[in-house]
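S.K.: What follows is the file entry.txt, containing compact mmCIF, C-alpha atoms:
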# COMPACT_ATOMS: atom_id res chain seq x y z
CA MET A 27 -10.99 -1.85 21.89
CA GLN A 28 -8.41 -2.53 19.18
CA THR A 29 -9.42 -1.48 15.68
CA PRO A 30 -9.47 -4.48 13.30
CA ALA A 31 -7.17 -4.31 10.30
CA LEU A 32 -9.96 -5.70 8.12
CA ILE A 33 -13.67 -4.97 8.17
CA SER A 34 -16.35 -6.67 6.10
CA THR A 35 -18.70 -5.04 3.64
CA SER A 36 -21.65 -6.06 5.83
CA TRP A 37 -20.06 -4.34 8.86
CA LEU A 38 -19.52 -1.15 6.88
CA ALA A 39 -23.08 -1.22 5.54
CA ARG A 40 -24.39 -1.44 9.12
CA ASN A 41 -22.13 1.33 10.41
CA LEU A 42 -22.03 3.70 7.46
CA GLN A 43 -23.98 6.41 9.31
CA ASP A 44 -21.63 6.42 12.30
CA PRO A 45 -20.47 10.06 12.65
CA GLY A 46 -17.07 8.86 13.91
CA LEU A 47 -16.42 6.92 10.69
CA ARG A 48 -14.53 8.36 7.72
CA VAL A 49 -14.45 6.32 4.51
CA LEU A 50 -11.72 6.89 1.91
CA ASP A 51 -11.62 5.77 -1.72
CA CYS A 52 -7.89 5.25 -2.33
CA SER A 53 -8.08 4.10 -5.94
CA TRP A 54 -5.11 4.60 -8.25
CA TYR A 55 -4.13 2.80 -11.43
CA LEU A 56 -1.06 2.16 -13.54
CA PRO A 57 -1.14 3.73 -17.04
CA MET A 58 -1.62 0.38 -18.80
CA MET A 59 -4.76 -0.28 -16.74
CA ASP A 60 -6.50 2.48 -18.73
CA ARG A 61 -8.66 3.64 -15.81
CA ASP A 62 -9.15 7.11 -14.32
CA ALA A 63 -9.59 6.81 -10.56
CA LYS A 64 -10.82 10.38 -10.00
CA LYS A 65 -13.30 10.20 -12.85
CA GLU A 66 -14.66 6.87 -11.59
CA PHE A 67 -14.96 8.27 -8.06
CA ALA A 68 -16.98 11.22 -9.39
CA GLN A 69 -19.36 8.75 -11.03
CA THR A 70 -19.77 6.22 -8.24
CA HIS A 71 -18.44 5.56 -4.75
CA ILE A 72 -19.53 4.51 -1.28
CA PRO A 73 -21.84 7.16 0.22
CA GLY A 74 -19.94 9.65 2.35
CA ALA A 75 -16.53 8.60 1.04
CA ALA A 76 -13.78 11.11 0.25
CA PHE A 77 -11.06 10.58 -2.34
CA PHE A 78 -7.52 10.00 -1.07
CA ASP A 79 -5.02 10.78 -3.84
CA ILE A 80 -1.77 8.88 -3.28
CA ASP A 81 -0.15 11.00 -5.99
CA LYS A 82 -0.87 14.13 -3.94
CA CYS A 83 -0.19 12.90 -0.40
CA THR A 84 3.53 12.65 -0.97
CA ASP A 85 6.76 14.64 -0.67
CA PRO A 86 6.34 17.45 -3.24
CA ASP A 87 10.11 17.90 -3.49
CA SER A 88 10.93 14.27 -4.33
CA LYS A 89 11.55 13.11 -7.90
CA PHE A 90 10.34 9.61 -7.00
CA ASP A 91 6.71 8.53 -7.10
CA HIS A 92 4.83 8.08 -3.83
CA SER A 93 7.61 9.31 -1.57
CA MET A 94 6.74 9.87 2.08
CA PRO A 95 5.21 13.25 3.06
CA SER A 96 6.21 15.09 6.20
CA GLU A 97 4.17 14.81 9.39
CA ARG A 98 2.80 18.31 8.84
CA PHE A 99 1.84 17.59 5.23
CA PHE A 100 0.06 14.35 6.15
CA SER A 101 -1.75 16.00 9.06
CA GLU A 102 -3.03 18.83 6.87
CA TYR A 103 -3.97 16.51 4.02
CA VAL A 104 -6.11 14.13 6.11
CA GLY A 105 -7.49 16.96 8.25
CA ASN A 106 -8.85 18.47 5.04
CA LEU A 107 -10.65 15.17 4.48
CA GLY A 108 -12.42 15.58 7.81
CA ILE A 109 -10.26 13.10 9.69
CA GLY A 110 -9.28 13.76 13.30
CA ASN A 111 -7.34 11.68 15.77
CA GLN A 112 -10.53 10.04 17.04
CA SER A 113 -11.83 9.08 13.60
CA HIS A 114 -12.18 5.46 12.59
CA VAL A 115 -10.84 5.46 9.02
CA VAL A 116 -11.97 2.83 6.51
CA VAL A 117 -9.99 2.58 3.26
CA TYR A 118 -10.89 0.82 0.03
CA ASP A 119 -10.20 0.95 -3.69
CA ALA A 120 -12.20 0.04 -6.78
CA SER A 121 -9.62 -2.23 -8.40
CA ASP A 122 -10.44 -5.61 -9.89
CA PHE A 123 -8.08 -7.17 -7.35
CA GLY A 124 -10.30 -6.30 -4.38
CA ALA A 125 -7.39 -4.37 -2.86
CA PHE A 126 -4.61 -2.73 -4.84
CA THR A 127 -3.57 0.67 -3.48
CA CYS A 128 -5.68 1.02 -0.33
CA SER A 129 -3.18 -1.04 1.68
CA ARG A 130 -0.69 1.82 1.19
CA VAL A 131 -3.10 4.29 2.83
CA TRP A 132 -3.88 1.79 5.62
CA TRP A 133 -0.13 1.61 6.31
CA MET A 134 0.35 5.39 6.08
CA PHE A 135 -2.21 6.06 8.80
CA ARG A 136 -0.52 3.57 11.08
CA LEU A 137 2.90 4.96 10.16
CA PHE A 138 1.78 8.43 11.23
CA GLY A 139 0.49 7.17 14.57
CA HIS A 140 -3.17 6.49 13.81
CA PRO A 141 -4.04 2.83 14.53
CA ARG A 142 -7.79 3.44 14.11
CA VAL A 143 -7.77 2.40 10.46
CA SER A 144 -9.34 -0.60 8.72
CA LEU A 145 -9.24 -1.92 5.18
CA LEU A 146 -12.50 -2.93 3.51
CA ASP A 147 -12.06 -6.62 2.76
CA GLY A 148 -13.00 -7.29 -0.85
CA GLY A 149 -13.12 -3.59 -1.65
CA PHE A 150 -15.59 -1.68 -3.79
CA LYS A 151 -15.81 -4.70 -6.08
CA LYS A 152 -17.47 -6.76 -3.33
CA TRP A 153 -19.50 -3.80 -2.08
CA VAL A 154 -21.13 -3.37 -5.50
CA LYS A 155 -21.56 -7.11 -6.07
CA GLU A 156 -23.55 -7.40 -2.85
CA GLY A 157 -25.84 -4.53 -3.83
CA HIS A 158 -24.84 -2.02 -1.17
CA PRO A 159 -25.61 1.65 -1.90
CA VAL A 160 -23.42 3.79 -4.12
CA THR A 161 -23.62 7.46 -5.05
CA SER A 162 -22.12 10.15 -7.24
CA ALA A 163 -22.79 12.83 -4.62
CA VAL A 164 -19.67 14.45 -3.20
CA THR A 165 -19.66 14.98 0.55
CA ARG A 166 -17.80 18.07 1.75
CA PRO A 167 -16.39 17.16 5.16
CA GLU A 168 -15.77 19.69 7.89
CA LEU A 169 -12.10 20.39 8.44
CA ALA A 170 -10.62 18.44 11.33
CA ARG A 171 -7.45 18.69 13.38
CA PHE A 172 -5.08 15.74 13.01
CA ASN A 173 -1.80 15.44 14.87
CA SER A 174 0.67 12.89 13.54
CA THR A 175 3.86 11.32 14.83
CA ILE A 176 5.80 9.21 12.35
CA ASN A 177 7.34 5.86 13.29
CA ARG A 178 10.58 6.18 11.34
CA SER A 179 11.62 2.59 12.05
CA TRP A 180 8.86 1.50 9.65
CA VAL A 181 10.49 3.29 6.69
CA LYS A 182 13.67 1.95 5.10
CA THR A 183 15.93 4.16 3.01
CA PHE A 184 18.07 3.37 -0.02
CA GLU A 185 21.14 3.41 2.22
CA GLU A 186 19.61 0.97 4.69
CA VAL A 187 18.57 -1.44 1.92
CA THR A 188 22.06 -1.19 0.41
CA ASP A 189 23.65 -1.99 3.77
CA ASN A 190 21.22 -4.88 4.23
CA ILE A 191 22.64 -6.74 1.22
CA SER A 192 25.64 -7.63 3.38
CA SER A 193 24.31 -7.14 6.92
CA GLN A 194 21.03 -9.06 6.44
CA LYS A 195 19.36 -7.16 9.27
CA PHE A 196 15.93 -7.68 7.72
CA GLN A 197 14.23 -9.78 5.05
CA LEU A 198 13.29 -7.85 1.92
CA VAL A 199 10.02 -9.00 0.32
CA ASP A 200 9.05 -7.78 -3.16
CA ALA A 201 5.32 -7.57 -3.91
CA ARG A 202 5.64 -7.25 -7.69
CA SER A 203 4.91 -10.13 -10.06
CA HIS A 204 7.45 -12.90 -10.56
CA GLU A 205 7.81 -11.76 -14.18
CA ARG A 206 8.86 -8.24 -13.21
CA PHE A 207 11.01 -9.57 -10.36
CA TRP A 208 12.98 -11.85 -12.69
CA GLY A 209 13.25 -9.30 -15.49
CA LYS A 210 10.89 -11.08 -17.89
CA GLU A 211 8.11 -8.48 -18.04
CA PRO A 212 8.41 -4.70 -18.57
CA GLU A 213 8.13 -2.22 -15.74
CA PRO A 214 5.26 0.28 -16.02
CA LYS A 215 7.57 3.28 -15.62
CA GLU A 216 9.40 4.47 -18.71
CA GLY A 217 13.17 4.19 -18.48
CA VAL A 218 13.10 1.57 -15.74
CA ASP A 219 13.95 -2.05 -16.52
CA PRO A 220 12.58 -4.99 -14.52
CA GLY A 221 14.65 -6.94 -12.02
CA HIS A 222 15.17 -7.19 -8.28
CA ILE A 223 17.33 -6.22 -5.33
CA PRO A 224 19.94 -8.82 -4.30
CA GLY A 225 18.71 -11.09 -1.53
CA SER A 226 15.04 -10.15 -1.88
CA LYS A 227 12.18 -12.67 -2.02
CA CYS A 228 9.16 -12.39 -4.31
CA MET A 229 5.61 -12.55 -2.92
CA PRO A 230 3.22 -11.01 -5.48
CA PHE A 231 0.62 -8.85 -3.70
CA PHE A 232 -2.35 -10.42 -5.51
CA GLU A 233 -1.46 -13.82 -4.07
CA PHE A 234 -2.33 -12.54 -0.59
CA MET A 235 -5.98 -12.55 -1.72
CA ASP A 236 -8.41 -15.15 -2.99
CA GLU A 237 -10.26 -15.02 -6.32
CA ASP A 238 -12.98 -12.84 -4.76
CA GLY A 239 -10.49 -10.24 -3.58
CA LEU A 240 -10.67 -11.22 0.09
CA MET A 241 -7.51 -11.46 2.16
CA LEU A 242 -6.51 -15.07 2.79
CA PRO A 243 -7.07 -16.41 6.32
CA PRO A 244 -4.04 -16.02 8.64
CA GLU A 245 -3.12 -19.70 8.41
CA GLU A 246 -2.98 -19.55 4.61
CA LEU A 247 -0.98 -16.33 4.78
CA ARG A 248 1.51 -17.99 7.15
CA ASN A 249 1.85 -20.89 4.71
CA PHE A 250 2.50 -18.43 1.89
CA PHE A 251 5.27 -16.74 3.89
CA GLN A 252 6.75 -20.12 4.75
CA ARG A 253 6.70 -21.30 1.11
CA SER A 254 8.42 -18.06 0.17
CA GLN A 255 11.12 -18.69 2.80
CA VAL A 256 10.18 -15.60 4.80
CA ASP A 257 10.41 -15.98 8.59
CA LEU A 258 7.67 -13.97 10.31
CA SER A 259 9.56 -14.10 13.59
CA GLN A 260 12.36 -12.02 12.05
CA PRO A 261 12.33 -8.37 10.81
CA LEU A 262 10.97 -7.92 7.32
CA CYS A 263 10.50 -5.07 4.87
CA GLY A 264 8.19 -4.79 1.87
CA THR A 265 9.19 -3.37 -1.49
CA CYS A 266 7.59 -3.15 -4.96
CA GLY A 267 7.71 -0.61 -7.79
CA SER A 268 7.07 2.63 -5.89
CA GLY A 269 6.18 1.62 -2.33
CA VAL A 270 2.45 1.01 -2.81
CA THR A 271 1.68 -2.72 -3.15
CA ALA A 272 4.63 -3.35 -0.80
CA CYS A 273 2.12 -2.48 1.92
CA HIS A 274 0.25 -5.73 1.20
CA VAL A 275 3.28 -7.48 2.69
CA VAL A 276 2.94 -5.37 5.83
CA LEU A 277 -0.80 -5.99 6.04
CA ALA A 278 -0.40 -9.74 5.60
CA ALA A 279 2.35 -9.89 8.22
CA HIS A 280 0.16 -7.83 10.57
CA LEU A 281 -2.72 -10.29 10.14
CA CYS A 282 -0.28 -13.08 11.03
CA GLY A 283 0.71 -11.38 14.29
CA ALA A 284 3.84 -9.60 13.04
CA PRO A 285 2.81 -5.92 13.18
CA ASP A 286 6.17 -4.17 12.80
CA ALA A 287 7.11 -4.84 9.17
CA SER A 288 8.61 -1.85 7.37
CA VAL A 289 8.49 -0.54 3.79
CA TYR A 290 11.25 0.53 1.43
CA VAL A 291 9.26 3.46 0.07
CA GLY A 292 11.63 4.23 -2.82
CA SER A 293 11.36 0.61 -3.94
CA TRP A 294 12.47 -0.59 -7.37
CA PHE A 295 12.11 2.78 -9.16
CA GLU A 296 14.55 4.43 -6.78
CA TRP A 297 16.80 1.38 -6.62
CA PHE A 298 17.15 1.13 -10.39
CA THR A 299 18.04 4.81 -10.55
CA LYS A 300 20.64 4.83 -7.75
CA ALA A 301 22.12 1.34 -7.32
CA PRO A 302 25.40 0.22 -8.91
CA PRO A 303 25.13 -2.36 -11.74
CA GLN A 304 26.14 -5.31 -9.53
CA HIS A 305 23.13 -4.62 -7.29
CA ILE A 306 20.58 -4.75 -10.11
CA LEU A 307 19.54 -8.32 -10.86
CA PRO A 308 19.28 -10.27 -13.13
CA GLY A 309 21.35 -7.81 -15.17
CA VAL A 310 21.59 -4.15 -16.10
CA LYS A 311 20.13 -3.05 -19.44
CA ARG A 312 20.09 0.70 -18.83
CA GLN A 313 22.45 3.11 -20.50
CA LEU A 314 25.28 3.84 -18.06
Show me, as structure tokens, the structure contained in the file I just sent.

M.R.:
Amino acid sequence: MQTPALISTSWLARNLQDPGLRVLDCSWYLPMMDRDAKKEFAQTHIPGAAFFDIDKCTDPDSKFDHSMPSERFFSEYVGNLGIGNQSHVVVYDASDFGAFTCSRVWWMFRLFGHPRVSLLDGGFKKWVKEGHPVTSAVTRPELARFNSTINRSWVKTFEEVTDNISSQKFQLVDARSHERFWGKEPEPKEGVDPGHIPGSKCMPFFEFMDEDGLMLPPEELRNFFQRSQVDLSQPLCGTCGSGVTACHVVLAAHLCGAPDASVYVGSWFEWFTKAPPQHILPGVKRQL
């Protein structure tokens, strides 16, 4: 039986005691959000959940945020969270959006060859609103063995995105806000100006969800892609600030029957650092 990409809060409440289920709180916040994900997790979370730190499950040798870890690193990290190859993983975050960073972890599991992963639709926000149980108790999972195999075609590099400006092998979809995309609102990372990669389209990640934080139905998602001039029948790649909310693009495409979208993990932070001035739109403000 194929694991659904989305599961409801009511489904999770019914199945929370399933020994084959592993729930992960994947919360993370930008500095201006003034929230501490680890502190909040220590105070309240879904019973049995473990904390997945996207700042830690990364390449320790990279200077860019949220770079991709090796297969061995990922295997050890999730194995320490009690996740094996037979585990059904459920990811969520506690953001006000309903889903903010958990889509990145959903994508990472699939990237490393584990399709048995679902995202909690509506997130912790909906879970609490409906009165489901929460706890401050920390569960210490037994170590598990996890073997991973990365699908490298789902990760685009700086060089591939640079080549794509002229080759147009795939559609590049930016999940940041229109204001950041067009250079009208500051980037959250110091020393990085807003803007976008030539040829990219803007589909803000929060527009994939309704006001309650639930993912839009597939037909509405397809309409959103169409309005944004993104063809789901053709290859596409998500990007954002540091490769996190870009995964909303992948999730939305997956829900529309296009499961092979990729992610430019370096995203805008890497691009702004490496790209020549003519490839930074709408204009370069950095000191050259």

S.K.: Give the answer as one residue: which of A:Val164, A:Met58, A:Cys263, A:Ala39 has the shortest atom-to-atom distance to A:Leu277, using only C-alpha atoms?

M.R.: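 Smallest separation from A:Leu277 among the options: A:Cys263.
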
S.K.: Around all listed atoms of stretch 272-289 of chain A, padded 6 Å per side, what centre and edge lengths does the axis-aligned box have in Å to one decimal, as lines of an AutoDock Vina configuration file?

M.R.:
center_x = 2.9
center_y = -6.8
center_z = 6.7
size_x = 23.3
size_y = 24.5
size_z = 27.1

S.K.: Please provide the set of residues having any atom within 7 Å of A:Ser96, restricted to only C-alpha atoms, with same-chain residues fewer than 3 positions apart removed, written as a list in words.

M.R.: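 The residues satisfying every condition are Asp85, Phe99 and Phe100 of chain A.
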
S.K.: By how many Å are atom CA of A:Ser268 and atom CA of A:Lys82 apart?

M.R.: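 Atom CA of A:Lys82 lies at a distance of 14.1 Å from atom CA of A:Ser268.
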
S.K.: With all atoms listed in the file as the atoms that count, which of A:Ser129, A:Ser288, A:Gln197, A:Thr271 lies nearest to A:Ile223?

M.R.: A:Gln197

S.K.: I'd like to know which of A:Asp91, A:Glu186, A:Asp236, A:Glu66 is closest to A:Trp294, using all atoms listed in the file.

M.R.: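 With all atoms listed in the file as the atom set, the closest residue is A:Asp91.
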
S.K.: Would you pick out the contacts of stretch 239-255 of chain A at 6 Å or less, using all atoms listed in the file, so that residues sharing its chain but fewer than 4 positions from it are not included, and give the list as a list in words?

M.R.: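 Answer for this query is Phe123, Gly124, Asp147, Gly148, Phe234, Met235 and Cys282 of chain A.
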
S.K.: Could you check which of A:Phe67, A:Trp133, A:Tyr55, A:Tyr118 is closest to A:Lys151, using all atoms listed in the file?

M.R.: A:Tyr118

S.K.: Got a sec: who's within 12 Å of A:Leu42, counting only C-alpha atoms, leaving out chain neighbours fewer than 6 positions off, as a CSV table (one decimal) with C-alpha atoms, in the coordinates of the input?

M.R.:
chain,number,residue,atom,x,y,z
A,34,SER,CA,-16.4,-6.7,6.1
A,35,THR,CA,-18.7,-5.0,3.6
A,36,SER,CA,-21.6,-6.1,5.8
A,48,ARG,CA,-14.5,8.4,7.7
A,49,VAL,CA,-14.4,6.3,4.5
A,72,ILE,CA,-19.5,4.5,-1.3
A,73,PRO,CA,-21.8,7.2,0.2
A,74,GLY,CA,-19.9,9.6,2.4
A,75,ALA,CA,-16.5,8.6,1.0
A,114,HIS,CA,-12.2,5.5,12.6
A,115,VAL,CA,-10.8,5.5,9.0
A,116,VAL,CA,-12.0,2.8,6.5
A,158,HIS,CA,-24.8,-2.0,-1.2
A,159,PRO,CA,-25.6,1.6,-1.9
A,160,VAL,CA,-23.4,3.8,-4.1

S.K.: Please determine, counting all atoms listed in the file, which residue among A:Val275, A:Ala68, A:Gly264, A:Leu56 has the shortest atom-to-atom distance to A:Ser162.

M.R.: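 With all atoms listed in the file as the atom set, the closest residue is A:Ala68.
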
S.K.: Compile the contact shell of A:Arg98 as a PyMOL selection string: residues with an atom at most 10 Å away, counting all atoms listed in the file, same-chain residues fewer than 2 positions apart removed.

M.R.: chain A and resi 95-96+100-103+172-175
